[in-house]
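Listing of coords-v4.txt, compact mmCIF, N, CA and C atoms
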```
# COMPACT_ATOMS: atom_id res chain seq x y z
N MET A 1355 116.93 89.50 20.76
CA MET A 1355 116.32 89.87 19.51
C MET A 1355 116.01 88.57 18.77
N ALA A 1356 114.75 88.30 18.57
CA ALA A 1356 114.34 87.05 17.93
C ALA A 1356 114.53 87.09 16.43
N GLY A 1357 114.39 88.21 15.83
CA GLY A 1357 114.53 88.32 14.39
C GLY A 1357 114.82 89.73 13.97
N LEU A 1358 115.16 89.89 12.73
CA LEU A 1358 115.44 91.21 12.18
C LEU A 1358 114.41 91.50 11.11
N THR A 1359 113.91 92.71 11.07
CA THR A 1359 112.95 93.06 10.04
C THR A 1359 113.67 93.58 8.81
N GLY A 1360 113.00 93.51 7.70
CA GLY A 1360 113.54 94.09 6.48
C GLY A 1360 114.28 93.12 5.59
N LEU A 1361 114.46 91.89 6.06
CA LEU A 1361 115.20 90.93 5.25
C LEU A 1361 114.23 90.07 4.45
N ASN A 1362 114.29 90.19 3.17
CA ASN A 1362 113.56 89.29 2.29
C ASN A 1362 114.24 89.34 0.93
N ARG A 1363 113.72 88.60 0.02
CA ARG A 1363 114.39 88.48 -1.27
C ARG A 1363 114.37 89.77 -2.09
N LYS A 1364 113.46 90.69 -1.78
CA LYS A 1364 113.39 91.94 -2.53
C LYS A 1364 114.08 93.10 -1.81
N HIS A 1365 114.22 93.00 -0.51
CA HIS A 1365 114.79 94.09 0.27
C HIS A 1365 115.97 93.56 1.08
N ASN A 1366 117.11 94.18 0.91
CA ASN A 1366 118.30 93.74 1.61
C ASN A 1366 118.67 94.65 2.76
N SER A 1367 117.89 95.68 3.02
CA SER A 1367 118.20 96.55 4.14
C SER A 1367 117.75 95.87 5.42
N VAL A 1368 118.48 96.12 6.48
CA VAL A 1368 118.18 95.50 7.76
C VAL A 1368 117.88 96.59 8.77
N LEU A 1369 116.76 96.48 9.41
CA LEU A 1369 116.35 97.43 10.43
C LEU A 1369 116.38 96.73 11.76
N VAL A 1370 117.15 97.24 12.67
CA VAL A 1370 117.22 96.68 14.02
C VAL A 1370 116.31 97.52 14.89
N ILE A 1371 115.32 96.86 15.48
CA ILE A 1371 114.39 97.57 16.36
C ILE A 1371 114.88 97.39 17.78
N ARG A 1372 115.04 98.52 18.46
CA ARG A 1372 115.59 98.49 19.80
C ARG A 1372 114.62 99.16 20.76
N ASP A 1373 114.36 98.52 21.86
CA ASP A 1373 113.52 99.11 22.88
C ASP A 1373 114.20 99.03 24.25
N ALA A 1374 115.51 98.96 24.24
CA ALA A 1374 116.26 98.83 25.48
C ALA A 1374 116.02 100.02 26.41
N ASP A 1375 115.80 101.21 25.85
CA ASP A 1375 115.56 102.37 26.70
C ASP A 1375 114.25 102.24 27.47
N VAL A 1376 113.24 101.67 26.84
CA VAL A 1376 111.94 101.47 27.49
C VAL A 1376 112.08 100.41 28.59
N VAL A 1377 112.79 99.33 28.28
CA VAL A 1377 113.00 98.27 29.26
C VAL A 1377 113.83 98.80 30.43
N ALA A 1378 114.89 99.55 30.14
CA ALA A 1378 115.73 100.10 31.20
C ALA A 1378 114.94 101.03 32.11
N ALA A 1379 114.08 101.84 31.54
CA ALA A 1379 113.26 102.74 32.35
C ALA A 1379 112.33 101.95 33.27
N ALA A 1380 111.73 100.91 32.75
CA ALA A 1380 110.84 100.08 33.57
C ALA A 1380 111.61 99.39 34.69
N LEU A 1381 112.81 98.92 34.38
CA LEU A 1381 113.62 98.27 35.41
C LEU A 1381 114.07 99.28 36.48
N ARG A 1382 114.44 100.47 36.06
CA ARG A 1382 114.84 101.50 37.04
C ARG A 1382 113.68 101.86 37.95
N GLU A 1383 112.48 101.93 37.39
CA GLU A 1383 111.29 102.23 38.19
C GLU A 1383 111.03 101.10 39.19
N ALA A 1384 111.17 99.87 38.75
CA ALA A 1384 111.00 98.73 39.65
C ALA A 1384 112.09 98.73 40.73
N LEU A 1385 113.30 99.11 40.35
CA LEU A 1385 114.41 99.16 41.29
C LEU A 1385 114.16 100.21 42.38
N ALA A 1386 113.55 101.33 42.00
CA ALA A 1386 113.29 102.40 42.96
C ALA A 1386 112.39 101.93 44.10
N GLY A 1387 111.48 101.03 43.82
CA GLY A 1387 110.56 100.55 44.86
C GLY A 1387 110.83 99.13 45.30
N ALA A 1388 112.02 98.62 45.00
CA ALA A 1388 112.33 97.22 45.29
C ALA A 1388 112.70 96.99 46.74
N SER A 1389 112.40 95.81 47.21
CA SER A 1389 112.82 95.39 48.55
C SER A 1389 114.32 95.07 48.51
N PRO A 1390 114.95 95.02 49.67
CA PRO A 1390 116.38 94.70 49.70
C PRO A 1390 116.70 93.35 49.03
N GLU A 1391 115.78 92.41 49.11
CA GLU A 1391 116.01 91.10 48.50
C GLU A 1391 115.96 91.17 46.97
N GLU A 1392 115.15 92.05 46.44
CA GLU A 1392 114.98 92.17 44.99
C GLU A 1392 116.06 93.02 44.33
N ARG A 1393 116.67 93.91 45.09
CA ARG A 1393 117.61 94.89 44.53
C ARG A 1393 118.77 94.27 43.73
N PRO A 1394 119.47 93.26 44.24
CA PRO A 1394 120.61 92.74 43.47
C PRO A 1394 120.21 92.24 42.09
N GLY A 1395 119.12 91.52 42.00
CA GLY A 1395 118.67 91.01 40.70
C GLY A 1395 118.28 92.13 39.75
N LEU A 1396 117.56 93.11 40.27
CA LEU A 1396 117.15 94.23 39.42
C LEU A 1396 118.35 95.09 39.01
N GLU A 1397 119.31 95.27 39.90
CA GLU A 1397 120.51 96.03 39.55
C GLU A 1397 121.27 95.32 38.43
N ARG A 1398 121.35 94.00 38.50
CA ARG A 1398 122.03 93.23 37.44
C ARG A 1398 121.26 93.35 36.13
N ALA A 1399 119.93 93.30 36.21
CA ALA A 1399 119.11 93.43 35.00
C ALA A 1399 119.30 94.79 34.36
N VAL A 1400 119.34 95.84 35.15
CA VAL A 1400 119.56 97.20 34.62
C VAL A 1400 120.91 97.26 33.92
N ALA A 1401 121.93 96.69 34.55
CA ALA A 1401 123.27 96.71 33.95
C ALA A 1401 123.29 95.96 32.62
N LEU A 1402 122.62 94.83 32.55
CA LEU A 1402 122.57 94.06 31.30
C LEU A 1402 121.85 94.82 30.20
N VAL A 1403 120.72 95.43 30.53
CA VAL A 1403 119.97 96.18 29.53
C VAL A 1403 120.78 97.38 29.05
N GLU A 1404 121.43 98.06 29.95
CA GLU A 1404 122.23 99.22 29.57
C GLU A 1404 123.40 98.82 28.69
N SER A 1405 124.02 97.68 28.96
CA SER A 1405 125.14 97.24 28.12
C SER A 1405 124.64 96.85 26.73
N THR A 1406 123.46 96.26 26.65
CA THR A 1406 122.87 95.93 25.36
C THR A 1406 122.51 97.20 24.60
N ALA A 1407 122.03 98.19 25.30
CA ALA A 1407 121.65 99.45 24.67
C ALA A 1407 122.85 100.14 24.04
N GLU A 1408 124.04 99.88 24.56
CA GLU A 1408 125.26 100.50 24.02
C GLU A 1408 125.76 99.81 22.76
N ALA A 1409 125.27 98.61 22.49
CA ALA A 1409 125.73 97.88 21.31
C ALA A 1409 125.24 98.58 20.04
N THR A 1410 126.08 98.58 19.02
CA THR A 1410 125.69 99.18 17.74
C THR A 1410 124.76 98.24 16.99
N ALA A 1411 124.07 98.77 16.01
CA ALA A 1411 123.19 97.95 15.17
C ALA A 1411 124.00 96.87 14.47
N THR A 1412 125.20 97.19 14.04
CA THR A 1412 126.05 96.21 13.39
C THR A 1412 126.41 95.07 14.34
N GLN A 1413 126.73 95.40 15.58
CA GLN A 1413 127.04 94.38 16.57
C GLN A 1413 125.82 93.49 16.82
N LEU A 1414 124.65 94.09 16.90
CA LEU A 1414 123.43 93.31 17.13
C LEU A 1414 123.15 92.37 15.96
N ARG A 1415 123.35 92.86 14.73
CA ARG A 1415 123.15 91.99 13.57
C ARG A 1415 124.16 90.85 13.56
N ALA A 1416 125.41 91.15 13.93
CA ALA A 1416 126.45 90.11 13.99
C ALA A 1416 126.09 89.05 15.02
N ASP A 1417 125.63 89.48 16.18
CA ASP A 1417 125.22 88.53 17.22
C ASP A 1417 124.03 87.70 16.75
N TRP A 1418 123.08 88.35 16.10
CA TRP A 1418 121.90 87.65 15.58
C TRP A 1418 122.32 86.60 14.55
N THR A 1419 123.24 86.96 13.68
CA THR A 1419 123.71 86.04 12.65
C THR A 1419 124.35 84.81 13.28
N ARG A 1420 125.23 85.04 14.25
CA ARG A 1420 125.87 83.90 14.92
C ARG A 1420 124.84 83.05 15.66
N SER A 1421 123.83 83.66 16.25
CA SER A 1421 122.81 82.88 16.96
C SER A 1421 121.99 82.04 16.00
N ARG A 1422 121.71 82.58 14.81
CA ARG A 1422 120.95 81.81 13.82
C ARG A 1422 121.78 80.63 13.31
N LEU A 1423 123.08 80.83 13.12
CA LEU A 1423 123.95 79.74 12.70
C LEU A 1423 124.03 78.66 13.78
N THR A 1424 124.13 79.08 15.01
CA THR A 1424 124.15 78.13 16.12
C THR A 1424 122.85 77.34 16.18
N ALA A 1425 121.74 78.02 15.94
CA ALA A 1425 120.43 77.38 16.01
C ALA A 1425 120.28 76.24 15.00
N VAL A 1426 120.95 76.35 13.87
CA VAL A 1426 120.87 75.26 12.87
C VAL A 1426 122.04 74.29 12.99
N GLY A 1427 122.83 74.45 14.05
CA GLY A 1427 123.91 73.51 14.31
C GLY A 1427 125.18 73.74 13.53
N PHE A 1428 125.33 74.91 12.93
CA PHE A 1428 126.54 75.21 12.16
C PHE A 1428 127.70 75.47 13.11
N THR A 1429 128.80 74.74 12.91
CA THR A 1429 129.98 74.92 13.76
C THR A 1429 131.24 75.13 12.94
N GLY A 1430 131.09 75.33 11.65
CA GLY A 1430 132.24 75.47 10.76
C GLY A 1430 132.79 76.87 10.72
N ASP A 1431 133.54 77.12 9.67
CA ASP A 1431 134.20 78.40 9.43
C ASP A 1431 133.15 79.44 9.03
N LEU A 1432 133.10 80.52 9.80
CA LEU A 1432 132.11 81.57 9.55
C LEU A 1432 132.31 82.25 8.20
N SER A 1433 133.49 82.18 7.65
CA SER A 1433 133.76 82.84 6.37
C SER A 1433 133.48 81.93 5.17
N SER A 1434 133.01 80.74 5.42
CA SER A 1434 132.83 79.76 4.34
C SER A 1434 131.49 79.89 3.61
N VAL A 1435 131.45 79.30 2.45
CA VAL A 1435 130.21 79.22 1.68
C VAL A 1435 129.17 78.41 2.47
N ALA A 1436 129.65 77.41 3.20
CA ALA A 1436 128.74 76.60 4.02
C ALA A 1436 128.03 77.45 5.08
N ALA A 1437 128.72 78.46 5.60
CA ALA A 1437 128.09 79.35 6.58
C ALA A 1437 126.97 80.16 5.92
N THR A 1438 127.22 80.64 4.72
CA THR A 1438 126.19 81.38 3.99
C THR A 1438 124.98 80.48 3.74
N LYS A 1439 125.25 79.28 3.32
CA LYS A 1439 124.17 78.32 3.05
C LYS A 1439 123.40 78.01 4.33
N ALA A 1440 124.10 77.80 5.45
CA ALA A 1440 123.44 77.51 6.72
C ALA A 1440 122.58 78.68 7.18
N LEU A 1441 123.08 79.89 6.97
CA LEU A 1441 122.32 81.08 7.36
C LEU A 1441 121.04 81.19 6.55
N ARG A 1442 121.14 80.90 5.27
CA ARG A 1442 119.94 80.95 4.41
C ARG A 1442 118.98 79.82 4.73
N GLN A 1443 119.49 78.71 5.22
CA GLN A 1443 118.61 77.63 5.67
C GLN A 1443 117.91 78.02 6.96
N ALA A 1444 118.64 78.70 7.83
CA ALA A 1444 118.05 79.16 9.10
C ALA A 1444 116.99 80.22 8.87
N GLU A 1445 117.23 81.07 7.88
CA GLU A 1445 116.32 82.17 7.55
C GLU A 1445 116.05 82.13 6.05
N PRO A 1446 115.08 81.31 5.61
CA PRO A 1446 114.84 81.12 4.18
C PRO A 1446 114.48 82.40 3.42
N SER A 1447 113.99 83.43 4.11
CA SER A 1447 113.63 84.65 3.39
C SER A 1447 114.83 85.53 3.05
N LEU A 1448 116.01 85.18 3.54
CA LEU A 1448 117.20 85.97 3.24
C LEU A 1448 117.60 85.82 1.78
N SER A 1449 117.90 86.93 1.17
CA SER A 1449 118.50 86.87 -0.16
C SER A 1449 119.97 86.50 0.00
N LEU A 1450 120.59 86.10 -1.07
CA LEU A 1450 122.01 85.77 -1.01
C LEU A 1450 122.82 87.00 -0.59
N LEU A 1451 122.47 88.15 -1.15
CA LEU A 1451 123.18 89.39 -0.81
C LEU A 1451 123.06 89.71 0.68
N ALA A 1452 121.85 89.61 1.22
CA ALA A 1452 121.65 89.89 2.64
C ALA A 1452 122.43 88.91 3.51
N ALA A 1453 122.41 87.64 3.14
CA ALA A 1453 123.14 86.63 3.92
C ALA A 1453 124.64 86.92 3.92
N VAL A 1454 125.17 87.30 2.77
CA VAL A 1454 126.61 87.60 2.68
C VAL A 1454 126.94 88.85 3.50
N GLN A 1455 126.07 89.86 3.44
CA GLN A 1455 126.31 91.08 4.23
C GLN A 1455 126.29 90.76 5.73
N LEU A 1456 125.33 89.98 6.16
CA LEU A 1456 125.26 89.59 7.57
C LEU A 1456 126.46 88.76 7.98
N GLN A 1457 126.88 87.88 7.10
CA GLN A 1457 128.05 87.05 7.36
C GLN A 1457 129.29 87.92 7.53
N LYS A 1458 129.46 88.91 6.67
CA LYS A 1458 130.62 89.82 6.78
C LYS A 1458 130.60 90.58 8.09
N GLU A 1459 129.41 91.04 8.50
CA GLU A 1459 129.31 91.76 9.78
C GLU A 1459 129.69 90.86 10.94
N ALA A 1460 129.24 89.60 10.88
CA ALA A 1460 129.58 88.66 11.94
C ALA A 1460 131.08 88.41 12.00
N LEU A 1461 131.73 88.42 10.85
CA LEU A 1461 133.18 88.21 10.80
C LEU A 1461 133.95 89.42 11.35
N THR A 1462 133.45 90.61 11.06
CA THR A 1462 134.17 91.82 11.47
C THR A 1462 133.82 92.28 12.89
N HIS A 1463 132.77 91.68 13.47
CA HIS A 1463 132.37 92.03 14.86
C HIS A 1463 132.24 90.74 15.65
N PRO A 1464 133.38 90.17 16.07
CA PRO A 1464 133.32 88.90 16.81
C PRO A 1464 132.61 89.07 18.15
N ALA A 1465 132.10 87.97 18.63
CA ALA A 1465 131.35 87.98 19.90
C ALA A 1465 132.22 88.33 21.06
```
Would you encode the structure as structure tokens?
Amino acid sequence: MAGLTGLNRKHNSVLVIRDADVVAAALREALAGASPEERPGLERAVALVESTAEATATQLRADWTRSRLTAVGFTGDLSSVAATKALRQAEPSLSLLAAVQLQKEALTHPA
């Protein structure tokens, strides 16, 4: 997930768009007609997509938050003010409230 929609200074709701079911269906279709050499890779891909599909929206937002912090080089305490600041630097359109909410989700849903 490259980004989350719905985050800006006026709107603090977060909408997670998921298309794992579409991807899983395409992979299963490819697996049905796969050669013996292709099967192991496609079987692994199906398993990965299915495990991602089972993740809750909160877990996905927590993972996204940690990935954004990593992208800006933040390695400190996730519960710190510095983490909130780093998250807002990574995603300038985040309001303070949205950043704090995302930070809390990341704290309560560890990787």
### Message
Please determine, counting only C-alpha atoms, which residue among A:Ala1416, A:Ala1386, A:Glu1397, A:Glu1404 has the shortest atom-to-atom distance to A:Arg1372.
### Response
A:Glu1404
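Here atom C of A:Ser1421 and atom N of A:Glu1445 stand 9.5 Å from one another.
Residue neighbourhood of A:Arg1420, excluding near-sequence residues (fewer than 4 positions): A:Leu1414, A:Arg1415, A:Ala1416, A:Thr1424, A:Ala1425, A:Val1426, A:Leu1456, A:Gln1457, A:Ala1460, at 8 Å, using all atoms listed in the file.
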Write the residues of the preceding selection, restricted to N, CA and C atoms, as a tab-separated table (two decimals), keeping the file's coordinate frame.
```tsv
chain	number	residue	atom	x	y	z
A	1414	LEU	N	124.65	94.09	16.90
A	1414	LEU	CA	123.43	93.31	17.13
A	1414	LEU	C	123.15	92.37	15.96
A	1415	ARG	N	123.35	92.86	14.73
A	1415	ARG	CA	123.15	91.99	13.57
A	1415	ARG	C	124.16	90.85	13.56
A	1416	ALA	N	125.41	91.15	13.93
A	1416	ALA	CA	126.45	90.11	13.99
A	1416	ALA	C	126.09	89.05	15.02
A	1424	THR	N	124.13	79.08	15.01
A	1424	THR	CA	124.15	78.13	16.12
A	1424	THR	C	122.85	77.34	16.18
A	1425	ALA	N	121.74	78.02	15.94
A	1425	ALA	CA	120.43	77.38	16.01
A	1425	ALA	C	120.28	76.24	15.00
A	1426	VAL	N	120.95	76.35	13.87
A	1426	VAL	CA	120.87	75.26	12.87
A	1426	VAL	C	122.04	74.29	12.99
A	1456	LEU	N	125.33	89.98	6.16
A	1456	LEU	CA	125.26	89.59	7.57
A	1456	LEU	C	126.46	88.76	7.98
A	1457	GLN	N	126.88	87.88	7.10
A	1457	GLN	CA	128.05	87.05	7.36
A	1457	GLN	C	129.29	87.92	7.53
A	1460	ALA	N	129.24	89.60	10.88
A	1460	ALA	CA	129.58	88.66	11.94
A	1460	ALA	C	131.08	88.41	12.00
```
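Atom pair atom CA of A:Val1435 / atom C of A:Ala1465: separated by 21.5 Å.
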## Note on the structure
Here atom CA of A:Ala1437 and atom C of A:Ala1453 stand apart by 8.7 Å
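Residue neighbourhood of A:Ala1407, excluding near-sequence residues (fewer than 2 positions): Arg1372, Asp1373, Ala1374, Asp1375, Ala1401, Leu1402, Val1403, Glu1404, Ser1405, Ala1409 and Thr1410 of chain A, at 8 Å, using all atoms listed in the file.
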### Query
Smallest atom-to-atom distance to A:His1463: which of A:Thr1412, A:Ala1444, A:Ala1436, A:Leu1450, using only N, CA and C atoms?
A:Thr1412
### Query
Between A:Val1376, A:Glu1459, A:Gln1413, A:Pro1390, which is the closest to A:Leu1432 once you count only C-alpha atoms?
A:Glu1459
### Task
Determine which residues of chain A DSSP labels as alpha helix (DSSP H) from the backbone of this structure, then write them out as a PyMOL selection string.
chain A and resi 1374-1386+1393-1407+1411-1425+1435-1444+1450-1462
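Among the candidates A:Ala1411, A:Lys1458, A:Thr1406, A:Arg1422, the one nearest to A:Leu1441 when counting only N, CA and C atoms is A:Arg1422.
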Could you give me stretch 1376-1387 of chain A completed to all heavy atoms, formatted as a PDB file, keeping the file's coordinate frame?
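As written to disk, part-v4.pdb reads:
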```pdb
ATOM      1  N   VAL A1376     113.240 101.670  26.840  1.00  0.00           N
ATOM      2  CA  VAL A1376     111.940 101.470  27.490  1.00  0.00           C
ATOM      3  C   VAL A1376     112.080 100.410  28.590  1.00  0.00           C
ATOM      4  O   VAL A1376     111.582 100.581  29.705  1.00  0.00           O
ATOM      5  CB  VAL A1376     110.875 101.032  26.465  1.00  0.00           C
ATOM      6  CG1 VAL A1376     109.573 100.668  27.133  1.00  0.00           C
ATOM      7  CG2 VAL A1376     110.671 102.125  25.428  1.00  0.00           C
ATOM      8  N   VAL A1377     112.790  99.330  28.280  1.00  0.00           N
ATOM      9  CA  VAL A1377     113.000  98.270  29.260  1.00  0.00           C
ATOM     10  C   VAL A1377     113.830  98.800  30.430  1.00  0.00           C
ATOM     11  O   VAL A1377     113.520  98.537  31.596  1.00  0.00           O
ATOM     12  CB  VAL A1377     113.683  97.051  28.598  1.00  0.00           C
ATOM     13  CG1 VAL A1377     114.047  96.001  29.634  1.00  0.00           C
ATOM     14  CG2 VAL A1377     112.775  96.459  27.535  1.00  0.00           C
ATOM     15  N   ALA A1378     114.890  99.550  30.140  1.00  0.00           N
ATOM     16  CA  ALA A1378     115.730 100.100  31.200  1.00  0.00           C
ATOM     17  C   ALA A1378     114.940 101.030  32.110  1.00  0.00           C
ATOM     18  O   ALA A1378     115.104 100.980  33.342  1.00  0.00           O
ATOM     19  CB  ALA A1378     116.932 100.831  30.599  1.00  0.00           C
ATOM     20  N   ALA A1379     114.080 101.840  31.540  1.00  0.00           N
ATOM     21  CA  ALA A1379     113.260 102.740  32.350  1.00  0.00           C
ATOM     22  C   ALA A1379     112.330 101.950  33.270  1.00  0.00           C
ATOM     23  O   ALA A1379     112.166 102.292  34.456  1.00  0.00           O
ATOM     24  CB  ALA A1379     112.461 103.677  31.457  1.00  0.00           C
ATOM     25  N   ALA A1380     111.730 100.910  32.750  1.00  0.00           N
ATOM     26  CA  ALA A1380     110.840 100.080  33.570  1.00  0.00           C
ATOM     27  C   ALA A1380     111.610  99.390  34.690  1.00  0.00           C
ATOM     28  O   ALA A1380     111.116  99.303  35.835  1.00  0.00           O
ATOM     29  CB  ALA A1380     110.139  99.050  32.686  1.00  0.00           C
ATOM     30  N   LEU A1381     112.810  98.920  34.380  1.00  0.00           N
ATOM     31  CA  LEU A1381     113.620  98.270  35.410  1.00  0.00           C
ATOM     32  C   LEU A1381     114.070  99.280  36.480  1.00  0.00           C
ATOM     33  O   LEU A1381     114.083  98.951  37.674  1.00  0.00           O
ATOM     34  CB  LEU A1381     114.833  97.592  34.785  1.00  0.00           C
ATOM     35  CG  LEU A1381     114.542  96.312  34.025  1.00  0.00           C
ATOM     36  CD1 LEU A1381     115.777  95.854  33.260  1.00  0.00           C
ATOM     37  CD2 LEU A1381     114.071  95.208  34.972  1.00  0.00           C
ATOM     38  N   ARG A1382     114.440 100.470  36.060  1.00  0.00           N
ATOM     39  CA  ARG A1382     114.840 101.500  37.040  1.00  0.00           C
ATOM     40  C   ARG A1382     113.680 101.860  37.950  1.00  0.00           C
ATOM     41  O   ARG A1382     113.863 102.066  39.152  1.00  0.00           O
ATOM     42  CB  ARG A1382     115.381 102.736  36.317  1.00  0.00           C
ATOM     43  CG  ARG A1382     116.801 102.567  35.837  1.00  0.00           C
ATOM     44  CD  ARG A1382     117.386 103.884  35.344  1.00  0.00           C
ATOM     45  NE  ARG A1382     118.312 103.609  34.287  1.00  0.00           N
ATOM     46  CZ  ARG A1382     118.061 103.709  32.978  1.00  0.00           C
ATOM     47  NH1 ARG A1382     116.907 104.139  32.551  1.00  0.00           N
ATOM     48  NH2 ARG A1382     118.984 103.407  32.090  1.00  0.00           N
ATOM     49  N   GLU A1383     112.480 101.930  37.390  1.00  0.00           N
ATOM     50  CA  GLU A1383     111.290 102.230  38.190  1.00  0.00           C
ATOM     51  C   GLU A1383     111.030 101.100  39.190  1.00  0.00           C
ATOM     52  O   GLU A1383     110.741 101.355  40.358  1.00  0.00           O
ATOM     53  CB  GLU A1383     110.079 102.384  37.271  1.00  0.00           C
ATOM     54  CG  GLU A1383     108.825 102.804  38.002  1.00  0.00           C
ATOM     55  CD  GLU A1383     107.664 103.021  37.046  1.00  0.00           C
ATOM     56  OE1 GLU A1383     107.893 103.553  35.934  1.00  0.00           O
ATOM     57  OE2 GLU A1383     106.534 102.651  37.417  1.00  0.00           O
ATOM     58  N   ALA A1384     111.170  99.870  38.750  1.00  0.00           N
ATOM     59  CA  ALA A1384     111.000  98.730  39.650  1.00  0.00           C
ATOM     60  C   ALA A1384     112.090  98.730  40.730  1.00  0.00           C
ATOM     61  O   ALA A1384     111.809  98.420  41.894  1.00  0.00           O
ATOM     62  CB  ALA A1384     111.039  97.429  38.867  1.00  0.00           C
ATOM     63  N   LEU A1385     113.300  99.110  40.350  1.00  0.00           N
ATOM     64  CA  LEU A1385     114.410  99.160  41.290  1.00  0.00           C
ATOM     65  C   LEU A1385     114.160 100.210  42.380  1.00  0.00           C
ATOM     66  O   LEU A1385     114.486  99.985  43.542  1.00  0.00           O
ATOM     67  CB  LEU A1385     115.709  99.444  40.545  1.00  0.00           C
ATOM     68  CG  LEU A1385     117.001  99.465  41.339  1.00  0.00           C
ATOM     69  CD1 LEU A1385     117.234  98.131  42.038  1.00  0.00           C
ATOM     70  CD2 LEU A1385     118.165  99.782  40.414  1.00  0.00           C
ATOM     71  N   ALA A1386     113.550 101.330  42.000  1.00  0.00           N
ATOM     72  CA  ALA A1386     113.290 102.400  42.960  1.00  0.00           C
ATOM     73  C   ALA A1386     112.390 101.930  44.100  1.00  0.00           C
ATOM     74  O   ALA A1386     112.533 102.389  45.242  1.00  0.00           O
ATOM     75  CB  ALA A1386     112.666 103.602  42.256  1.00  0.00           C
ATOM     76  N   GLY A1387     111.480 101.030  43.820  1.00  0.00           N
ATOM     77  CA  GLY A1387     110.560 100.550  44.860  1.00  0.00           C
ATOM     78  C   GLY A1387     110.830  99.130  45.300  1.00  0.00           C
ATOM     79  O   GLY A1387     109.980  98.492  45.925  1.00  0.00           O
TER      80      GLY A1387
END
```
